[in-house]
>>> print(open('entry.txt').read())   # compact mmCIF, C-alpha atoms
# COMPACT_ATOMS: atom_id res chain seq x y z
CA MET A 1 -8.20 -16.30 9.65
CA ALA A 2 -8.56 -14.30 6.42
CA ILE A 3 -6.06 -11.64 7.49
CA GLU A 4 -2.99 -12.66 9.48
CA THR A 5 -0.35 -10.41 10.99
CA GLU A 6 3.19 -11.11 12.12
CA ARG A 7 5.42 -8.66 13.93
CA VAL A 8 9.16 -8.68 13.29
CA GLY A 9 10.82 -5.92 15.30
CA LYS A 10 9.32 -2.62 14.11
CA THR A 11 7.86 -4.21 10.96
CA LEU A 12 4.35 -5.62 10.66
CA ILE A 13 3.68 -8.25 7.99
CA VAL A 14 0.02 -8.31 6.92
CA ARG A 15 -0.83 -11.50 5.04
CA LEU A 16 -4.01 -11.91 2.99
CA ASN A 17 -4.90 -15.50 3.78
CA ARG A 18 -7.56 -17.00 1.50
CA PRO A 19 -5.31 -19.00 -0.84
CA GLU A 20 -8.18 -21.31 -1.80
CA ALA A 21 -9.88 -18.23 -3.32
CA LEU A 22 -6.65 -16.70 -4.72
CA ASN A 23 -6.76 -14.36 -1.72
CA ALA A 24 -9.93 -12.68 -3.01
CA LEU A 25 -11.56 -10.63 -0.27
CA ASP A 26 -15.09 -10.99 0.97
CA VAL A 27 -16.63 -8.27 3.12
CA ASP A 28 -15.42 -9.81 6.39
CA ALA A 29 -11.85 -10.01 5.06
CA MET A 30 -11.99 -6.40 3.83
CA ARG A 31 -13.23 -5.28 7.23
CA ALA A 32 -10.43 -7.22 8.96
CA LEU A 33 -7.77 -5.79 6.64
CA ASN A 34 -9.01 -2.28 7.31
CA GLN A 35 -8.86 -2.82 11.07
CA LYS A 36 -5.39 -4.39 10.98
CA LEU A 37 -4.07 -1.40 9.07
CA ARG A 38 -5.75 1.02 11.47
CA ASP A 39 -4.05 -0.79 14.34
CA PHE A 40 -0.73 -0.57 12.49
CA ARG A 41 -1.24 3.14 11.88
CA ASP A 42 -1.95 3.83 15.55
CA ASP A 43 0.83 1.70 17.08
CA PRO A 44 3.82 3.97 17.78
CA THR A 45 6.15 0.97 18.13
CA LEU A 46 5.62 -0.09 14.48
CA ALA A 47 7.40 1.77 11.67
CA VAL A 48 6.91 -0.15 8.39
CA GLY A 49 4.17 -2.41 7.05
CA ILE A 50 4.45 -5.20 4.47
CA ILE A 51 1.33 -6.49 2.70
CA THR A 52 1.58 -9.86 0.96
CA GLY A 53 -0.58 -12.86 0.09
CA ALA A 54 -0.59 -16.41 1.41
CA GLY A 55 0.73 -19.05 -0.97
CA ASP A 56 2.51 -18.47 -4.26
CA ARG A 57 -0.44 -18.19 -6.67
CA ALA A 58 -1.87 -14.80 -5.74
CA PHE A 59 -1.22 -11.57 -3.89
CA CYS A 60 -4.90 -10.69 -4.08
CA THR A 61 -7.48 -10.99 -6.85
CA GLY A 62 -9.71 -8.26 -5.46
CA ALA A 63 -13.28 -8.64 -4.30
CA ASP A 64 -14.70 -12.15 -4.12
CA LEU A 65 -17.20 -11.96 -7.00
CA LYS A 66 -19.27 -14.79 -5.51
CA ARG A 67 -19.70 -13.00 -2.18
CA THR A 68 -20.11 -9.38 -3.24
CA LEU A 69 -23.28 -9.47 -5.31
CA PRO A 70 -25.44 -6.30 -5.35
CA PRO A 71 -27.63 -5.99 -2.24
CA GLN A 72 -31.35 -5.20 -2.09
CA SER A 73 -30.78 -1.68 -0.75
CA SER A 74 -29.99 1.20 -3.09
CA PHE A 75 -26.56 2.73 -3.57
CA ALA A 76 -27.84 5.98 -2.07
CA GLN A 77 -28.85 4.15 1.12
CA ALA A 78 -25.40 2.58 1.40
CA TYR A 79 -23.55 5.78 0.52
CA PHE A 80 -25.16 7.82 3.29
CA ALA A 81 -25.19 5.03 5.87
CA PRO A 82 -22.66 4.80 8.74
CA TYR A 83 -19.43 3.01 7.88
CA GLU A 84 -20.27 -0.47 9.22
CA GLN A 85 -23.79 -0.42 7.83
CA SER A 86 -22.57 0.76 4.45
CA LEU A 87 -20.30 -2.29 4.18
CA GLU A 88 -23.22 -4.60 4.82
CA GLU A 89 -25.32 -2.76 2.25
CA GLY A 90 -22.82 -3.25 -0.56
CA LEU A 91 -20.40 -0.32 -0.33
CA TYR A 92 -17.60 -2.73 0.59
CA VAL A 93 -14.99 -0.77 -1.36
CA ARG A 94 -14.81 1.64 1.57
CA ALA A 95 -12.96 -1.05 3.53
CA ILE A 96 -10.09 -1.36 1.03
CA THR A 97 -9.60 2.32 0.21
CA LEU A 98 -6.28 2.43 2.07
CA SER A 99 -5.45 6.01 1.08
CA GLU A 100 -8.35 7.23 3.25
CA LEU A 101 -6.76 5.66 6.33
CA ASN A 102 -4.03 8.33 6.32
CA ILE A 103 -1.29 5.90 7.30
CA GLY A 104 1.76 8.06 7.90
CA LYS A 105 4.15 5.10 7.70
CA PRO A 106 5.66 3.36 4.66
CA LEU A 107 3.77 0.37 3.25
CA ILE A 108 5.50 -2.22 1.05
CA ALA A 109 3.50 -4.49 -1.27
CA ALA A 110 5.29 -7.83 -1.67
CA VAL A 111 3.40 -9.22 -4.66
CA ASN A 112 3.47 -12.99 -5.07
CA GLY A 113 1.34 -14.14 -7.98
CA HIS A 114 -1.75 -12.37 -9.30
CA ALA A 115 -2.55 -8.79 -8.22
CA LEU A 116 -5.84 -8.15 -9.99
CA GLY A 117 -8.71 -5.72 -9.55
CA GLY A 118 -8.87 -4.59 -5.94
CA GLY A 119 -5.67 -6.52 -5.29
CA CYS A 120 -3.84 -4.38 -7.84
CA GLU A 121 -5.39 -1.30 -6.24
CA ILE A 122 -4.11 -2.36 -2.80
CA ALA A 123 -0.62 -2.69 -4.30
CA LEU A 124 -0.97 0.74 -5.94
CA ASP A 125 -1.89 2.21 -2.54
CA CYS A 126 1.45 1.06 -1.11
CA ASP A 127 4.55 3.24 -1.20
CA LEU A 128 6.84 0.52 -2.54
CA ARG A 129 5.98 -2.45 -4.73
CA ILE A 130 8.21 -5.45 -5.25
CA ALA A 131 7.22 -8.67 -6.97
CA SER A 132 8.18 -12.26 -7.55
CA GLU A 133 8.86 -13.45 -11.08
CA ASN A 134 5.44 -15.14 -11.33
CA ALA A 135 3.48 -12.00 -10.46
CA THR A 136 0.90 -10.40 -12.75
CA PHE A 137 -0.93 -7.08 -12.49
CA GLY A 138 -4.25 -6.03 -13.97
CA LEU A 139 -7.51 -4.14 -13.62
CA PRO A 140 -10.04 -6.46 -15.30
CA GLU A 141 -13.19 -4.71 -14.05
CA ALA A 142 -14.36 -3.76 -17.55
CA ARG A 143 -14.69 -7.47 -18.33
CA TRP A 144 -17.23 -7.77 -15.52
CA ALA A 145 -19.13 -4.62 -16.57
CA SER A 146 -17.68 -2.52 -13.78
CA VAL A 147 -14.89 -0.02 -13.10
CA PRO A 148 -12.16 0.15 -10.44
CA ALA A 149 -13.58 1.90 -7.39
CA VAL A 150 -10.58 2.28 -5.08
CA GLY A 151 -8.53 4.74 -7.12
CA GLY A 152 -7.17 2.18 -9.54
CA VAL A 153 -7.53 4.31 -12.67
CA SER A 154 -5.98 7.49 -11.28
CA LYS A 155 -3.24 5.67 -9.36
CA LEU A 156 -2.23 3.49 -12.31
CA LEU A 157 -2.10 6.58 -14.56
CA ARG A 158 0.28 8.16 -12.04
CA ALA A 159 2.42 5.02 -11.79
CA VAL A 160 3.04 4.11 -15.44
CA PRO A 161 2.91 5.76 -18.88
CA ARG A 162 -0.61 6.76 -19.89
CA ALA A 163 -0.75 4.55 -23.00
CA VAL A 164 0.17 1.47 -20.96
CA ALA A 165 -2.32 2.31 -18.22
CA MET A 166 -5.15 2.94 -20.68
CA LYS A 167 -4.47 -0.34 -22.47
CA MET A 168 -4.66 -2.23 -19.17
CA ILE A 169 -7.80 -0.38 -18.06
CA LEU A 170 -9.77 -0.57 -21.31
CA THR A 171 -8.89 -4.14 -22.30
CA GLY A 172 -8.72 -5.68 -18.84
CA ASP A 173 -5.45 -7.33 -19.87
CA ARG A 174 -2.84 -8.14 -17.27
CA ILE A 175 0.90 -7.61 -17.48
CA ARG A 176 3.61 -9.91 -16.21
CA ALA A 177 6.15 -9.03 -13.55
CA ALA A 178 9.00 -8.44 -16.02
CA GLU A 179 6.90 -5.87 -17.90
CA ALA A 180 5.79 -4.28 -14.61
CA HIS A 181 9.44 -3.90 -13.68
CA ARG A 182 10.37 -2.49 -17.09
CA ILE A 183 7.75 0.26 -16.93
CA GLY A 184 8.40 1.11 -13.28
CA LEU A 185 5.23 -0.26 -11.70
CA ILE A 186 7.47 -2.23 -9.32
CA SER A 187 10.93 -1.35 -8.04
CA ASP A 188 12.33 -4.87 -7.56
CA LEU A 189 11.81 -8.19 -9.37
CA VAL A 190 13.04 -11.22 -7.45
CA PRO A 191 12.68 -15.02 -7.36
CA ALA A 192 9.68 -16.14 -5.32
CA GLU A 193 11.82 -17.45 -2.46
CA ASP A 194 13.52 -14.04 -2.12
CA LEU A 195 10.34 -11.95 -2.07
CA LEU A 196 9.69 -11.63 1.66
CA PRO A 197 13.40 -11.48 2.60
CA THR A 198 13.80 -8.62 0.10
CA ALA A 199 10.79 -6.83 1.57
CA MET A 200 12.24 -7.26 5.06
CA ARG A 201 15.61 -5.89 3.96
CA LEU A 202 13.89 -2.83 2.51
CA ALA A 203 11.93 -2.41 5.75
CA ASP A 204 15.12 -2.66 7.80
CA GLN A 205 16.84 -0.06 5.60
CA ILE A 206 13.93 2.33 6.08
CA ILE A 207 13.83 1.75 9.83
CA SER A 208 17.58 2.46 10.12
CA ASN A 209 17.02 5.99 8.79
CA GLY A 210 15.86 8.97 10.82
CA PRO A 211 12.24 8.23 11.86
CA LEU A 212 11.14 11.87 11.69
CA ALA A 213 12.68 12.14 8.23
CA ILE A 214 10.80 9.04 7.06
CA LYS A 215 7.51 10.47 8.35
CA SER A 216 8.27 13.76 6.61
CA LEU A 217 9.14 12.05 3.33
CA LYS A 218 5.95 10.00 3.47
CA ALA A 219 3.94 13.17 4.09
CA LEU A 220 5.66 14.93 1.19
CA ALA A 221 4.98 12.04 -1.17
CA ASP A 222 1.31 11.93 -0.19
CA ARG A 223 0.59 15.66 -0.11
CA THR A 224 2.57 17.03 -3.04
CA GLN A 225 1.26 14.80 -5.83
CA ASP A 226 -1.64 17.20 -6.50
CA MET A 227 0.35 20.39 -5.83
CA SER A 228 2.08 22.70 -8.25
CA LEU A 229 5.87 22.59 -8.32
CA THR A 230 6.02 25.89 -6.44
CA GLN A 231 3.76 24.58 -3.68
CA SER A 232 5.70 21.30 -3.49
CA VAL A 233 9.04 23.03 -3.08
CA ALA A 234 7.57 25.35 -0.43
CA LEU A 235 6.36 22.35 1.59
CA GLU A 236 9.74 20.64 1.21
CA GLN A 237 11.45 23.73 2.60
CA LEU A 238 9.00 23.91 5.48
CA LEU A 239 9.59 20.28 6.51
CA TRP A 240 13.34 20.72 6.06
CA GLY A 241 13.06 23.58 8.55
CA VAL A 242 10.99 21.45 10.93
CA LEU A 243 13.77 18.83 10.95
CA ARG A 244 16.74 21.19 10.91
CA ASP A 245 17.30 21.50 14.64
CA THR A 246 16.14 18.06 15.75
CA ASP A 247 18.43 15.85 17.83
CA ASP A 248 18.30 13.18 15.11
CA ARG A 249 19.55 15.51 12.39
CA VAL A 250 22.43 16.64 14.59
CA GLU A 251 23.16 12.98 15.42
CA GLY A 252 23.20 12.07 11.73
CA ARG A 253 25.83 14.68 10.95
CA THR A 254 27.86 13.86 14.05
CA ALA A 255 27.84 10.14 13.26
CA PHE A 256 28.92 10.83 9.68
CA ALA A 257 31.84 12.97 10.88
CA GLU A 258 32.87 10.29 13.39
CA GLY A 259 32.54 7.43 10.90
CA ARG A 260 29.96 5.43 12.90
CA PRO A 261 26.33 4.37 12.43
CA PRO A 262 23.88 6.96 13.78
CA GLU A 263 21.61 6.24 16.73
CA TYR A 264 18.25 7.84 16.13
CA HIS A 265 15.52 8.34 18.73
CA GLY A 266 12.80 10.16 16.82
CA ARG A 267 13.25 13.54 18.41
>>> encode(input="entry.txt", output="structure tokens")
Amino acid sequence: MAIETERVGKTLIVRLNRPEALNALDVDAMRALNQKLRDFRDDPTLAVGIITGAGDRAFCTGADLKRTLPPQSSFAQAYFAPYEQSLEEGLYVRAITLSELNIGKPLIAAVNGHALGGGCEIALDCDLRIASENATFGLPEARWASVPAVGGVSKLLRAVPRAVAMKMILTGDRIRAAEAHRIGLISDLVPAEDLLPTAMRLADQIISNGPLAIKSLKALADRTQDMSLTQSVALEQLLWGVLRDTDDRVEGRTAFAEGRPPEYHGR
């Protein structure tokens, strides 16, 4: 199976499983990934998702170049076709544009090995990125006479200094995990054997916090990036007010005063 899932408590691990192809995604794998993430989004018993790759050589190297050649139909035909038909007619990038899924839950990219092209874009779509010491990141599309099509340019420019992003984009060069950590593209750099345990610890920490607060923080992060500072602060105040009188917020303060762990129920 090209996309595997494993549930651990309230965390869903999504594993890209084509190690023989460096976890490159053909259209069927992209469609499966999209559906798995939709299921995760719509399952109220799941709180955090972790995306990683099978094996230790690659997280994901993007679209499978051998299986995503241009179709006979025109781009216009694919663009205006229904979703499933558009995938078959070559607009496969729609299946890995995770930001359009509106997943209101935190996603963690646990990057083991190469994260290139669409694989780098999947990592950029996640809220947290951690990596093993053998990881690399890059957007090599220019080398293949193409451009990133899943938000890679704009998201990389938001994630790292402009000069670094432009060098990666225009040359197609990749950076190693240590450099990615230095410039803030990833939050944690760990030995390969610690990658998934670290991702699980982060997931557990997130899950232990107030669930309504986590949903609010995720919404703030997603919605305020294109707002002015005044608009961002106004939305923060609004969501603070939404949470102010919730049972969880009262429980958090009561637990702090009593010196015990809080027990949150999402209400």
>>> closest_residue(input="entry.txt", among="A:Ser74, A:Gln225, A:Thr11, A:Ser86", to="A:Asp204", atoms="only C-alpha atoms")
A:Thr11
>>> closest_residue(input="entry.txt", among="A:Asp42, A:Glu100, A:Asp26, A:Asp226", to="A:Cys60", atoms="only C-alpha atoms")
A:Asp26
>>> closest_residue(input="entry.txt", among="A:Cys120, A:Val164, A:Ala95, A:Ala213", to="A:Gln35", atoms="all atoms listed in the file")
A:Ala95
>>> residues_around(input="entry.txt", residues="stretch 195-200 of chain A", least_positions_apart="2", cutoff="8 Å", atoms="only C-alpha atoms", output="PyMOL selection string")
chain A and resi 11+50+108+110-112+130-132+190-193+202-204
>>> residues_around(input="entry.txt", residues="A:Asp125", least_positions_apart="2", cutoff="9 Å", atoms="all atoms listed in the file", output="VMD selection string")
chain A and resid 97 to 99 107 109 120 to 123 127 to 128 151 to 152 155
>>> write_last_selection(input="entry.txt", atoms="C-alpha atoms", output="PDB file, in the coordinates of the input")
ATOM      1  CA  THR A  97      -9.600   2.320   0.210  1.00  0.00           C
ATOM      2  CA  LEU A  98      -6.280   2.430   2.070  1.00  0.00           C
ATOM      3  CA  SER A  99      -5.450   6.010   1.080  1.00  0.00           C
ATOM      4  CA  LEU A 107       3.770   0.370   3.250  1.00  0.00           C
ATOM      5  CA  ALA A 109       3.500  -4.490  -1.270  1.00  0.00           C
ATOM      6  CA  CYS A 120      -3.840  -4.380  -7.840  1.00  0.00           C
ATOM      7  CA  GLU A 121      -5.390  -1.300  -6.240  1.00  0.00           C
ATOM      8  CA  ILE A 122      -4.110  -2.360  -2.800  1.00  0.00           C
ATOM      9  CA  ALA A 123      -0.620  -2.690  -4.300  1.00  0.00           C
ATOM     10  CA  ASP A 127       4.550   3.240  -1.200  1.00  0.00           C
ATOM     11  CA  LEU A 128       6.840   0.520  -2.540  1.00  0.00           C
ATOM     12  CA  GLY A 151      -8.530   4.740  -7.120  1.00  0.00           C
ATOM     13  CA  GLY A 152      -7.170   2.180  -9.540  1.00  0.00           C
ATOM     14  CA  LYS A 155      -3.240   5.670  -9.360  1.00  0.00           C
TER      15      LYS A 155
END
>>> decode(input="entry.txt", residues="stretch 229-263 of chain A", atoms="N, CA, C and O atoms", output="CSV table (one decimal), in the first residue's frame")
chain,number,residue,atom,x,y,z
A,229,LEU,N,-1.2,43.5,11.0
A,229,LEU,CA,-1.1,43.3,12.4
A,229,LEU,C,-2.3,43.7,13.2
A,229,LEU,O,-2.7,43.0,14.1
A,230,THR,N,-3.0,44.8,12.8
A,230,THR,CA,-4.2,45.2,13.4
A,230,THR,C,-5.3,44.1,13.3
A,230,THR,O,-6.0,43.8,14.3
A,231,GLN,N,-5.4,43.6,12.1
A,231,GLN,CA,-6.4,42.5,11.9
A,231,GLN,C,-6.1,41.3,12.7
A,231,GLN,O,-7.0,40.6,13.3
A,232,SER,N,-4.8,40.9,12.8
A,232,SER,CA,-4.4,39.7,13.5
A,232,SER,C,-4.6,39.8,15.0
A,232,SER,O,-5.2,38.9,15.6
A,233,VAL,N,-4.3,41.0,15.5
A,233,VAL,CA,-4.6,41.2,17.0
A,233,VAL,C,-6.1,41.2,17.3
A,233,VAL,O,-6.5,40.6,18.3
A,234,ALA,N,-6.9,41.7,16.4
A,234,ALA,CA,-8.3,41.7,16.6
A,234,ALA,C,-8.9,40.3,16.6
A,234,ALA,O,-9.7,40.0,17.4
A,235,LEU,N,-8.3,39.4,15.7
A,235,LEU,CA,-8.8,38.1,15.7
A,235,LEU,C,-8.3,37.3,16.9
A,235,LEU,O,-9.1,36.5,17.5
A,236,GLU,N,-7.1,37.6,17.4
A,236,GLU,CA,-6.6,37.0,18.6
A,236,GLU,C,-7.5,37.3,19.8
A,236,GLU,O,-7.9,36.5,20.6
A,237,GLN,N,-7.9,38.6,19.8
A,237,GLN,CA,-8.8,39.0,20.9
A,237,GLN,C,-10.2,38.3,20.8
A,237,GLN,O,-10.7,37.9,21.9
A,238,LEU,N,-10.7,38.2,19.6
A,238,LEU,CA,-12.0,37.5,19.4
A,238,LEU,C,-11.9,36.1,19.9
A,238,LEU,O,-12.8,35.6,20.7
A,239,LEU,N,-10.9,35.3,19.5
A,239,LEU,CA,-10.8,33.9,19.9
A,239,LEU,C,-10.4,33.8,21.4
A,239,LEU,O,-10.9,32.9,22.0
A,240,TRP,N,-9.7,34.8,22.0
A,240,TRP,CA,-9.5,34.8,23.4
A,240,TRP,C,-10.9,34.9,24.1
A,240,TRP,O,-11.1,34.2,25.1
A,241,GLY,N,-11.7,35.8,23.6
A,241,GLY,CA,-13.1,35.9,24.2
A,241,GLY,C,-13.9,34.7,24.0
A,241,GLY,O,-14.7,34.3,24.9
A,242,VAL,N,-13.8,34.0,22.9
A,242,VAL,CA,-14.5,32.7,22.6
A,242,VAL,C,-14.1,31.7,23.7
A,242,VAL,O,-15.0,30.9,24.2
A,243,LEU,N,-12.8,31.7,24.1
A,243,LEU,CA,-12.4,30.6,25.0
A,243,LEU,C,-12.5,31.1,26.5
A,243,LEU,O,-12.5,30.2,27.4
A,244,ARG,N,-12.7,32.3,26.7
A,244,ARG,CA,-12.6,32.9,28.1
A,244,ARG,C,-13.5,32.1,29.1
A,244,ARG,O,-13.0,31.8,30.2
A,245,ASP,N,-14.7,31.8,28.7
A,245,ASP,CA,-15.7,31.2,29.7
A,245,ASP,C,-15.9,29.7,29.5
A,245,ASP,O,-16.8,29.2,30.1
A,246,THR,N,-15.0,29.1,28.8
A,246,THR,CA,-15.1,27.7,28.6
A,246,THR,C,-14.8,26.9,29.8
A,246,THR,O,-14.0,27.3,30.7
A,247,ASP,N,-15.3,25.7,29.9
A,247,ASP,CA,-15.0,24.8,31.1
A,247,ASP,C,-13.5,24.5,31.1
A,247,ASP,O,-12.9,24.5,32.2
A,248,ASP,N,-12.9,24.3,30.0
A,248,ASP,CA,-11.5,23.9,29.9
A,248,ASP,C,-10.6,25.1,30.5
A,248,ASP,O,-9.7,24.8,31.2
A,249,ARG,N,-11.0,26.3,30.1
A,249,ARG,CA,-10.1,27.4,30.6
A,249,ARG,C,-10.2,27.6,32.1
A,249,ARG,O,-9.2,27.8,32.8
A,250,VAL,N,-11.4,27.4,32.6
A,250,VAL,CA,-11.6,27.4,34.1
A,250,VAL,C,-10.9,26.3,34.7
A,250,VAL,O,-10.2,26.4,35.7
A,251,GLU,N,-10.9,25.1,34.1
A,251,GLU,CA,-10.2,23.9,34.6
A,251,GLU,C,-8.7,24.1,34.6
A,251,GLU,O,-8.0,23.8,35.6
A,252,GLY,N,-8.2,24.8,33.6
A,252,GLY,CA,-6.8,25.0,33.5
A,252,GLY,C,-6.3,25.9,34.7
A,252,GLY,O,-5.2,25.6,35.3
A,253,ARG,N,-7.0,26.9,35.0
A,253,ARG,CA,-6.7,27.8,36.1
A,253,ARG,C,-6.9,27.1,37.4
A,253,ARG,O,-6.1,27.3,38.3
A,254,THR,N,-7.9,26.4,37.5
A,254,THR,CA,-8.2,25.6,38.8
A,254,THR,C,-7.1,24.6,39.0
A,254,THR,O,-6.5,24.5,40.2
A,255,ALA,N,-6.7,23.9,38.0
A,255,ALA,CA,-5.6,22.9,38.2
A,255,ALA,C,-4.3,23.5,38.5
A,255,ALA,O,-3.5,23.0,39.3
A,256,PHE,N,-4.0,24.7,37.9
A,256,PHE,CA,-2.8,25.4,38.2
A,256,PHE,C,-2.8,25.8,39.7
A,256,PHE,O,-1.7,25.6,40.4
A,257,ALA,N,-3.9,26.3,40.2
A,257,ALA,CA,-4.0,26.8,41.6
A,257,ALA,C,-3.8,25.6,42.6
A,257,ALA,O,-3.3,25.7,43.7
A,258,GLU,N,-4.3,24.4,42.1
A,258,GLU,CA,-4.3,23.2,43.0
A,258,GLU,C,-3.1,22.4,42.8
A,258,GLU,O,-2.9,21.3,43.5
A,259,GLY,N,-2.2,22.8,41.9
A,259,GLY,CA,-0.9,22.0,41.7
A,259,GLY,C,-1.1,20.6,41.1
A,259,GLY,O,-0.4,19.7,41.5
A,260,ARG,N,-2.1,20.5,40.2
A,260,ARG,CA,-2.3,19.2,39.6
A,260,ARG,C,-2.4,19.3,38.1
A,260,ARG,O,-2.7,20.4,37.6
A,261,PRO,N,-2.3,18.2,37.3
A,261,PRO,CA,-2.5,18.3,35.9
A,261,PRO,C,-4.0,18.6,35.5
A,261,PRO,O,-4.9,18.0,36.2
A,262,PRO,N,-4.2,19.4,34.6
A,262,PRO,CA,-5.6,19.6,34.2
A,262,PRO,C,-6.2,18.5,33.5
A,262,PRO,O,-5.5,17.6,32.9
A,263,GLU,N,-7.5,18.4,33.5
A,263,GLU,CA,-8.3,17.4,32.8
A,263,GLU,C,-9.2,18.1,31.8
A,263,GLU,O,-10.3,18.6,32.2
